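Heads up: the structure comes next, in structure tokens.
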Amino acid sequence: MAKNFLTIALPKGKLLIDSLDLLNKLGMDCLDIEEDSRRLVFDLPKDEARILICRPTDIPTYVEYGAADLGFVGKDTLVEQNRDVAELVDLKFGYCRFVVAMPEENLPPKLADGSYDLSVLNHKRAATKFPRVARLFFNDLGMQVTTIKLHGNVELAPAVGLAEMIVDIVSTGKTLRENRLLEVAPIFDSTTRLIANRVAYRVKYDRIQFMSEKLRELVKED
Amino acid sequence: MERSAQGLKLPEGMRDLFPKQLACLEKLEQQALQVCKNWSYQKVLTPGLEYKACIEPDPNKEDNLYKFFDKNGHVLVLRPEFTTPIARMVATRLKGQELPLRFCYSGDVYRNNSAHYAEFRQVGVESIGAGSELADAEVIALAVEILRSLEIRNFQLSLGHNAIFSGLAEEMAFDLKLRKELEDGIARKDMVKLESLVSQSTIPAEAKELLLAMPTLTGREEVLDKLQNWDHIIAIRRAIESLRTIYLYLKDFGVQDYVNLDLGILRGFSYYTGAIFEGYLPGIGIPVIEGGRYDTLYADFGLNLPATGFAINLGLLLEQINDFEVENSDILVYGQSPGAVIKRCRELRKAGRKVEMALGFMTDSDAKRIASSRGIANIEKVEGNREPSNRDFRF
């Protein structure tokens with residue numbers, strides 16, 4: 001295999017189209033790649049590259065082990081998984097925010113500055129797909145909150161008494177509104193990132209650096 | 001007692017090694033140690049268990065140690081590496097020796113949550129008491145020679161320096177919070193975070209430029225020329241000079257072609273203080289060699305000595321090797337009389353042959369079949385009759 005051959009892991013789901021779009025703009029021939037097909041591996045011999053279609057949460061794993069040299073993945077997943085990978089470029093798309101949200105009828109009291117007083121949430125439970133994010137956030141506040149790991153639809157948890165609050169990502173806020181939940185604290189913002197295996201980043205430095213510079217140009221605002 | 005389902009399993013990250021793989025691992029190990037010995041590094045061994053207070057004194061740090069308690073309630077850990085235990089050993093037991101001390105080691109290390117195996121064999125060296133660039137160059141050249149002697153192809157060594165960031169941070173008097181954040185970004189190789197920290201903070205433009213440029217400074221000597229813009233900062237000038245000197249020595253050692261300069265090797269918080277290096281193999285996602293200078297570690301143990309060294313992850317090398325060869329016996333001995341068979345085997349072993357003894361009577365065709373299935377080149381049938389006693393081979 002040529003020294004500069006690149007294996008790139010892309011997330012299936014809502015980030016895939018934007019990811020492919022960026023690769024196309026880089027001049028890579030990704031037109032044949034679609035999600036519906038059952039194929040998970042696409043060879044682009046002309047571009048000396050191979051595209052893997054993976055579950056978004058698996059991408060840091062593929063990259064950490066070196067099964068993929070590069071990956072496109074949300075910052076949310078990166079923080080949650082805490083893998084040893086190099087984070088190269090903020091690709092700006094796939095914007096979402098981590099928040100703590102609670103049922104409208106059960107909000108904490110407000111402080112003088114207008115924010116909610118989270119201290120009343122000590123020893124309460126937070127349902128989340130992102131237990132590490134939740135733990136780090138509450139630990140930094142010096143609070144003890146029990147995290148309950150769920151695999152989806154976390155907004156159900158407060159409605160049925162499984163947890164008092166949720167820690168989740170929101171993009172438009174629609175899901176929160178539909179479930180009569182209100183944001184009580186922001187945690188951090190997330191966008192899609194270009195990540196690289198730490199060895200590939202040094203060994204295939206020229207090609208990866210060239211790609212990341214171009215991507216940086218492409219996503220530059222205004 | 002019959003084993004439960006749990007008793008049939010292995011803990012996560014552990015592996016069994018079968019004869020072929022183990023023979024291969026030991027061959028790599030012996031070869032590597034032989035090169036170390038030729039370079040005058042003497043083998044030492046520290047114990048598998050150490051106090052956590054020795055290995056990781058910071059109680060607040062997230063670590064990947066396997067921990068136990070001893071009878072007195074002290075926290076013990078399985079060694080995750082050898083550099084710190086050897087520093088403890090030298091500082092407490094070998095004070096006042098003629099310097100430099102050159103040690104090599106080989107043994108298994110244990111890391112909980114490691115991306116690959118949680119237990120793997122390391123071979124490495126420590127050069128203690130010499131702060132010169134020549135000592136740095138010697139261990140780097142030794143690392144290259146070991147990989148060459150193991151007939152590993154396509155490897156690449158990258159040489160960087162860990163004092164550039166700290167020099168910059170000190171010179172520019174970054175406040176502690178910013179420094180911590182930057183260090184975290186560097187340790188995680190999080191360029192996005194670095195970039196945003198740098199653009200938001202009030203640090204001077206030239207420092208911004210260098211922080212952002214560091215990961216891109218990779219290549220040969222010209223990398224050091226690019227750094228000249230910052231050489232009015234003493235720590236950076238020293239780092240440049242030191243790398244230049246080491247790189248020249250590597251030419252004398254005949255290994256410069258294998259080594260790239262790469263200031264993108266970022267280790268953040270760690271005991272490394274000077275030149276650092278990593279060895280890469282295509283297809284392996286983590287470095288097979290990690291090493292560098294750590295001039296403050298010994299002081300932490302009460303003995304102020306400069307030191308440098310590296311460790312090779314043999315477990316990773318093993319994964320790259322597909323054609324395992326195991327040394328077979330060279331003769332299979334069988335016959336009707338156990339006494340005669342044993343006697344013949346003893347003679348042959350005394351003569352230095354590797355002998356497999358049949359544990360029962362076998363026909364000539366059985367013997368041929370078994371010998372060929374095990375790769376044994378010769379067979380010998382020992383004359384002698386079945387014995388009347390209960391020493392007879394049973395069927």
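Residues in the structure tokens are numbered from 1 in each chain, the chains being A, B, ... in the order shown, and ligands are numbered from 1 in the order shown.
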
Per residue of chain A within 7 Å of chain B, what are the shortest atom pair and its distance in Å to one decimal, counting only C-alpha atoms, with rows by chain and residue number, as JSON lines?
{"residue": "A:Glu64", "atom": "CA", "partner": "B:Gly285", "partner_atom": "CA", "distance": 6.6}
{"residue": "A:Tyr65", "atom": "CA", "partner": "B:Gly285", "partner_atom": "CA", "distance": 5.1}
{"residue": "A:Gly66", "atom": "CA", "partner": "B:Gly285", "partner_atom": "CA", "distance": 4.0}
{"residue": "A:Asp84", "atom": "CA", "partner": "B:Arg188", "partner_atom": "CA", "distance": 6.8}
{"residue": "A:Ala86", "atom": "CA", "partner": "B:Lys189", "partner_atom": "CA", "distance": 4.6}
{"residue": "A:Glu87", "atom": "CA", "partner": "B:Asp190", "partner_atom": "CA", "distance": 4.5}
{"residue": "A:Leu88", "atom": "CA", "partner": "B:Met191", "partner_atom": "CA", "distance": 5.2}
{"residue": "A:Val89", "atom": "CA", "partner": "B:Val192", "partner_atom": "CA", "distance": 5.8}
{"residue": "A:Asp90", "atom": "CA", "partner": "B:Val192", "partner_atom": "CA", "distance": 6.1}
{"residue": "A:Asn197", "atom": "CA", "partner": "B:Gly285", "partner_atom": "CA", "distance": 6.4}
{"residue": "A:Arg198", "atom": "CA", "partner": "B:Ile286", "partner_atom": "CA", "distance": 6.9}
{"residue": "A:Val199", "atom": "CA", "partner": "B:Gly285", "partner_atom": "CA", "distance": 5.5}
{"residue": "A:Ala200", "atom": "CA", "partner": "B:Gly285", "partner_atom": "CA", "distance": 7.0}

Write out the residues from the selection above, keeping N, CA and C atoms, as a JSON list (two decimals), in the first residue's frame.
[["chain", "number", "residue", "atom", "x", "y", "z"],
["A", 64, "GLU", "N", -8.47, 5.74, 16.62],
["A", 64, "GLU", "CA", -7.47, 5.52, 17.66],
["A", 64, "GLU", "C", -6.62, 4.29, 17.35],
["A", 65, "TYR", "N", -7.27, 3.22, 16.89],
["A", 65, "TYR", "CA", -6.53, 1.99, 16.61],
["A", 65, "TYR", "C", -5.76, 2.06, 15.29],
["A", 66, "GLY", "N", -6.01, 3.09, 14.49],
["A", 66, "GLY", "CA", -5.31, 3.19, 13.22],
["A", 66, "GLY", "C", -5.99, 2.43, 12.10],
["A", 84, "ASP", "N", -7.50, 8.68, 22.44],
["A", 84, "ASP", "CA", -6.20, 9.28, 22.12],
["A", 84, "ASP", "C", -6.10, 9.49, 20.62],
["A", 86, "ALA", "N", -5.73, 12.79, 17.44],
["A", 86, "ALA", "CA", -5.42, 14.20, 17.24],
["A", 86, "ALA", "C", -6.63, 14.88, 16.60],
["A", 87, "GLU", "N", -6.99, 16.03, 17.15],
["A", 87, "GLU", "CA", -8.15, 16.75, 16.64],
["A", 87, "GLU", "C", -7.62, 17.91, 15.80],
["A", 88, "LEU", "N", -7.89, 17.86, 14.47],
["A", 88, "LEU", "CA", -7.17, 18.78, 13.59],
["A", 88, "LEU", "C", -7.96, 20.02, 13.19],
["A", 89, "VAL", "N", -9.20, 19.84, 12.75],
["A", 89, "VAL", "CA", -9.92, 20.99, 12.20],
["A", 89, "VAL", "C", -11.37, 20.98, 12.70],
["A", 90, "ASP", "N", -11.85, 22.17, 13.03],
["A", 90, "ASP", "CA", -13.27, 22.34, 13.32],
["A", 90, "ASP", "C", -13.98, 22.53, 11.97],
["A", 197, "ASN", "N", -5.48, 9.72, 13.37],
["A", 197, "ASN", "CA", -4.70, 8.81, 14.20],
["A", 197, "ASN", "C", -3.35, 9.47, 14.48],
["A", 198, "ARG", "N", -2.85, 9.32, 15.70],
["A", 198, "ARG", "CA", -1.66, 10.10, 16.07],
["A", 198, "ARG", "C", -0.42, 9.64, 15.32],
["A", 199, "VAL", "N", -0.35, 8.38, 14.95],
["A", 199, "VAL", "CA", 0.81, 7.94, 14.17],
["A", 199, "VAL", "C", 0.64, 8.34, 12.71],
["A", 200, "ALA", "N", -0.56, 8.13, 12.16],
["A", 200, "ALA", "CA", -0.81, 8.51, 10.76],
["A", 200, "ALA", "C", -0.53, 10.00, 10.57]]

Exercise. Neighbours of Phe69 (chain B) within 12 Å (only C-alpha atoms; same-chain residues fewer than 4 positions away dropped), as a list in words?
Worked result: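 The filter keeps Leu49, Glu50, Tyr51, Lys52, Gly73, His74, Val75, Leu76, Val77 and Leu78 of chain B.
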
For this session: List the neighbours of region 105-113 of chain A out to 12 Å using only C-alpha atoms; skip same-chain residues closer than 3 positions along the sequence, and give me the result as an MDAnalysis selection string.
Result: chainID A and resid 100:102 116:122 158:159 161 164:165 179:185

For this session: Provide the CA of Pro100 (chain B) to CA of Asp300 (chain B) distance in Å, to one decimal place.
Result: 18.6 Å

Problem set entry | Expected answer as a VMD selection string: helix (DSSP H, G or I) residues in region 3-119 of chain A | chain A and resid 16 to 25 45 to 47 56 to 65 75 to 81 104 to 106 118 to 119

For this session: Measure the distance from CA of Leu142 (chain B) to CA of Val35 (chain B) in Å and round it to one decimal.
Result: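 Going from CA of Leu142 (chain B) over to CA of Val35 (chain B) covers 7.8 Å.
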
For this session: Show which residues sit within 10 Å of region 124-126 of chain B, as number ranges by chain. Count only C-alpha atoms, and ignore same-chain residues fewer than 6 positions away.
Result: B: 32-33, 36, 41-44, 81-83, 86-87, 100-107, 139, 142-143, 289-293, 307-314

Exercise. So which residues touch Asp29 (chain A) within 12 Å, counting only C-alpha atoms, skipping near sequence neighbours fewer than 2 positions away, as JSON, numbers by chain?
Worked result: {"A": [20, 21, 22, 23, 24, 25, 26, 27, 31, 32, 33, 42, 43, 44, 45, 46, 47, 48, 49, 50, 51]}

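From CA of Arg83 (chain A) back to CA of Tyr271 (chain B), the distance works out to 21.3 Å.
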